[in-house]
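Trainee: Provided herewith is a single structure, encoded as structure tokens, for subsequent inquiry.
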Amino acid sequence: MTSTDICNLALSYLSKGKITSMDDNTEEAAQCKIHYDHARRLLLRQYPWGFAKRTVKLALLAGKEPGWDFAYAYPAGCLAVRYVFDEEGASAKEEQVQDFDTAMLTGNQKALLTDVELAWCEYTYNVKDVDMFPDEFIEAFAHYLACNMAMVLTGSASIQQTQFQLYQDSIEAAKIYSAQERRKSTVFPESYAQARFQ
């Protein structure tokens with residue numbers, strides 16, 4: 001599977017012919033080139049996909065921002081920060097969510113701001129390798145791409161609406177499959193457990 005294959009899948013949903021490359025001298029190829037990368041990044045940002053998850057120790061910056069104890073370099077290739085935590089709190093990051101923010105420091109350096117010392121970050125990486133995409137994600141991606149190209153290539157609002165509905169259905173299915181690849185027992189707060197089970 002390649003990016004061209006995903007484009008051709010999207011074009012097939014619109015009953016359009018195949019391309020050999022996004023650099024082909026056709027309107028279909030031109031539309032794929034316009035929309036492909038933007039659509040890919042939007043879908044990656046939309047959900048904490050397991051295949052796109054990365055965890056890194058953050059690099060401390062010299063600068064600071066008022067209201068925050070630490071400023072760290074924004075992770076390379078990061079599309080969306082999900083959690084910031086210290087090493088000791090890694091296993092409880094979803095229950096004990098730490099505050100963070102982003103900002104541009106002097107010199108146009110993007111920074112991640114937090115009060116967490118020696119911070120780590122879990123984030124969604126800008127995955128470009130199509131071989132990393134699960135089939136369910138590819139299905140949703142192709143329908144979303146088809147939706148974005150529908151009006152230019154078909155002139156039909158009805159086809160565009162159909163592709164958007166199919167995208168919504170397939171992206172929800174992709175999220176369910178992604179969630180099934182994670183397993184974590186629910187930890188109830190002590191006060192809740194006492195009230196519930198006494």
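Just remember, in the structure tokens the first chain shown is A, the second B, etc., residues are 1-based per chain, and ligands are 1-based in the order shown.
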Please list as JSON, numbers by chain every residue within 8 Å of stretch 134-147 of chain A, counting only C-alpha atoms and excluding residues in the same chain fewer than 3 positions away.

Mentor: {"A": [6, 7, 9, 10, 11, 13, 14, 32, 35, 36, 39, 40, 43, 51, 131, 150, 151, 159, 160, 161, 162, 163, 164, 166, 167, 168, 170, 171, 173, 174, 177]}

Trainee: Could you tell me which of A:Thr114, A:Cys121, A:Thr4, A:Val56 comes closest to A:Lys33 if we count only C-alpha atoms?

Mentor: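 The closest residue to A:Lys33 is A:Thr4.
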
Trainee: Hey, what's within 10 Å of A:Ala119 if we count only C-alpha atoms and toss same-chain stuff fewer than 6 positions away? As a list in words, please?

Mentor: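 After dropping sequence-adjacent residues, the list is Val56, Lys57, Leu58, Ala59, Leu60, Phe70, Ala71, Tyr72, Val84, Phe85, Asp86, Glu87, Gly89 and Ala90 of chain A.
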
Trainee: Selected residues, C-alpha atoms, written as a PDB file, in the first residue's frame, please.

Mentor:
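Contents of part_9.pdb, freshly written:
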ATOM      1  CA  VAL A  56       9.833  10.854  24.596  1.00  0.00           C
ATOM      2  CA  LYS A  57      11.711  12.542  27.408  1.00  0.00           C
ATOM      3  CA  LEU A  58      11.399  16.285  26.849  1.00  0.00           C
ATOM      4  CA  ALA A  59      14.422  18.548  26.415  1.00  0.00           C
ATOM      5  CA  LEU A  60      14.460  21.422  28.906  1.00  0.00           C
ATOM      6  CA  PHE A  70       9.353  24.701  33.000  1.00  0.00           C
ATOM      7  CA  ALA A  71       9.572  25.146  29.246  1.00  0.00           C
ATOM      8  CA  TYR A  72      10.529  22.165  27.086  1.00  0.00           C
ATOM      9  CA  VAL A  84       2.774  15.241  29.973  1.00  0.00           C
ATOM     10  CA  PHE A  85       4.088  13.352  33.016  1.00  0.00           C
ATOM     11  CA  ASP A  86       7.201  12.462  35.004  1.00  0.00           C
ATOM     12  CA  GLU A  87       8.699   8.979  34.851  1.00  0.00           C
ATOM     13  CA  GLY A  89       3.702   9.031  37.065  1.00  0.00           C
ATOM     14  CA  ALA A  90       3.798   7.317  33.665  1.00  0.00           C
TER      15      ALA A  90
END

Trainee: Taking the chain letters and numbering used in this document, name the residues of stretch 19-155 of chain A that DSSP puts in strand (DSSP E or B), as a CSV table (one decimal) with C-alpha atoms, in the first residue's frame.

Mentor:
chain,number,residue,atom,x,y,z
A,53,LYS,CA,1.8,7.1,19.5
A,54,ARG,CA,5.3,8.1,20.6
A,55,THR,CA,6.7,8.7,24.1
A,56,VAL,CA,9.8,10.9,24.6
A,57,LYS,CA,11.7,12.5,27.4
A,60,LEU,CA,14.5,21.4,28.9
A,70,PHE,CA,9.4,24.7,33.0
A,71,ALA,CA,9.6,25.1,29.2
A,72,TYR,CA,10.5,22.2,27.1
A,73,ALA,CA,11.3,21.8,23.4
A,78,CYS,CA,4.5,16.1,17.0
A,79,LEU,CA,0.9,16.6,15.7
A,80,ALA,CA,-0.9,16.6,19.0
A,81,VAL,CA,0.4,16.3,22.6
A,82,ARG,CA,-1.7,13.8,24.6
A,83,TYR,CA,-0.1,13.7,28.1
A,84,VAL,CA,2.8,15.2,30.0
A,85,PHE,CA,4.1,13.4,33.0
A,86,ASP,CA,7.2,12.5,35.0
A,100,PHE,CA,0.4,21.8,30.0
A,101,ASP,CA,0.3,24.5,27.3
A,102,THR,CA,2.2,25.4,24.1
A,103,ALA,CA,3.8,28.7,23.2
A,104,MET,CA,6.3,30.3,20.8
A,105,LEU,CA,9.4,31.5,22.7
A,109,GLN,CA,10.9,28.2,19.0
A,110,LYS,CA,7.8,26.2,19.8
A,111,ALA,CA,7.7,25.1,23.4
A,112,LEU,CA,5.7,22.9,25.7
A,113,LEU,CA,5.0,24.5,29.1
A,114,THR,CA,4.2,22.6,32.3
A,119,ALA,CA,8.9,15.7,32.0
A,120,TRP,CA,8.0,13.0,29.5
A,121,CYS,CA,5.5,13.4,26.8
A,122,GLU,CA,3.1,11.1,24.9
A,123,TYR,CA,2.1,12.5,21.6
A,124,THR,CA,0.7,11.7,18.2
A,125,TYR,CA,3.5,11.5,15.6

Trainee: Nearest to A:Val116: which of A:Ser21, A:Gln31, A:Gln98, A:Ser158 is it, counting only C-alpha atoms?

Mentor: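 With only C-alpha atoms as the atom set, the closest residue is A:Gln98.
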
Trainee: From the DSSP assignment of the backbone, select every residue of stretch 21-155 of chain A that is helix (DSSP H, G or I), and format the answer as a ChimeraX atom specification.

Mentor: /A:27-45,50-52,87-92,130-132,135-154
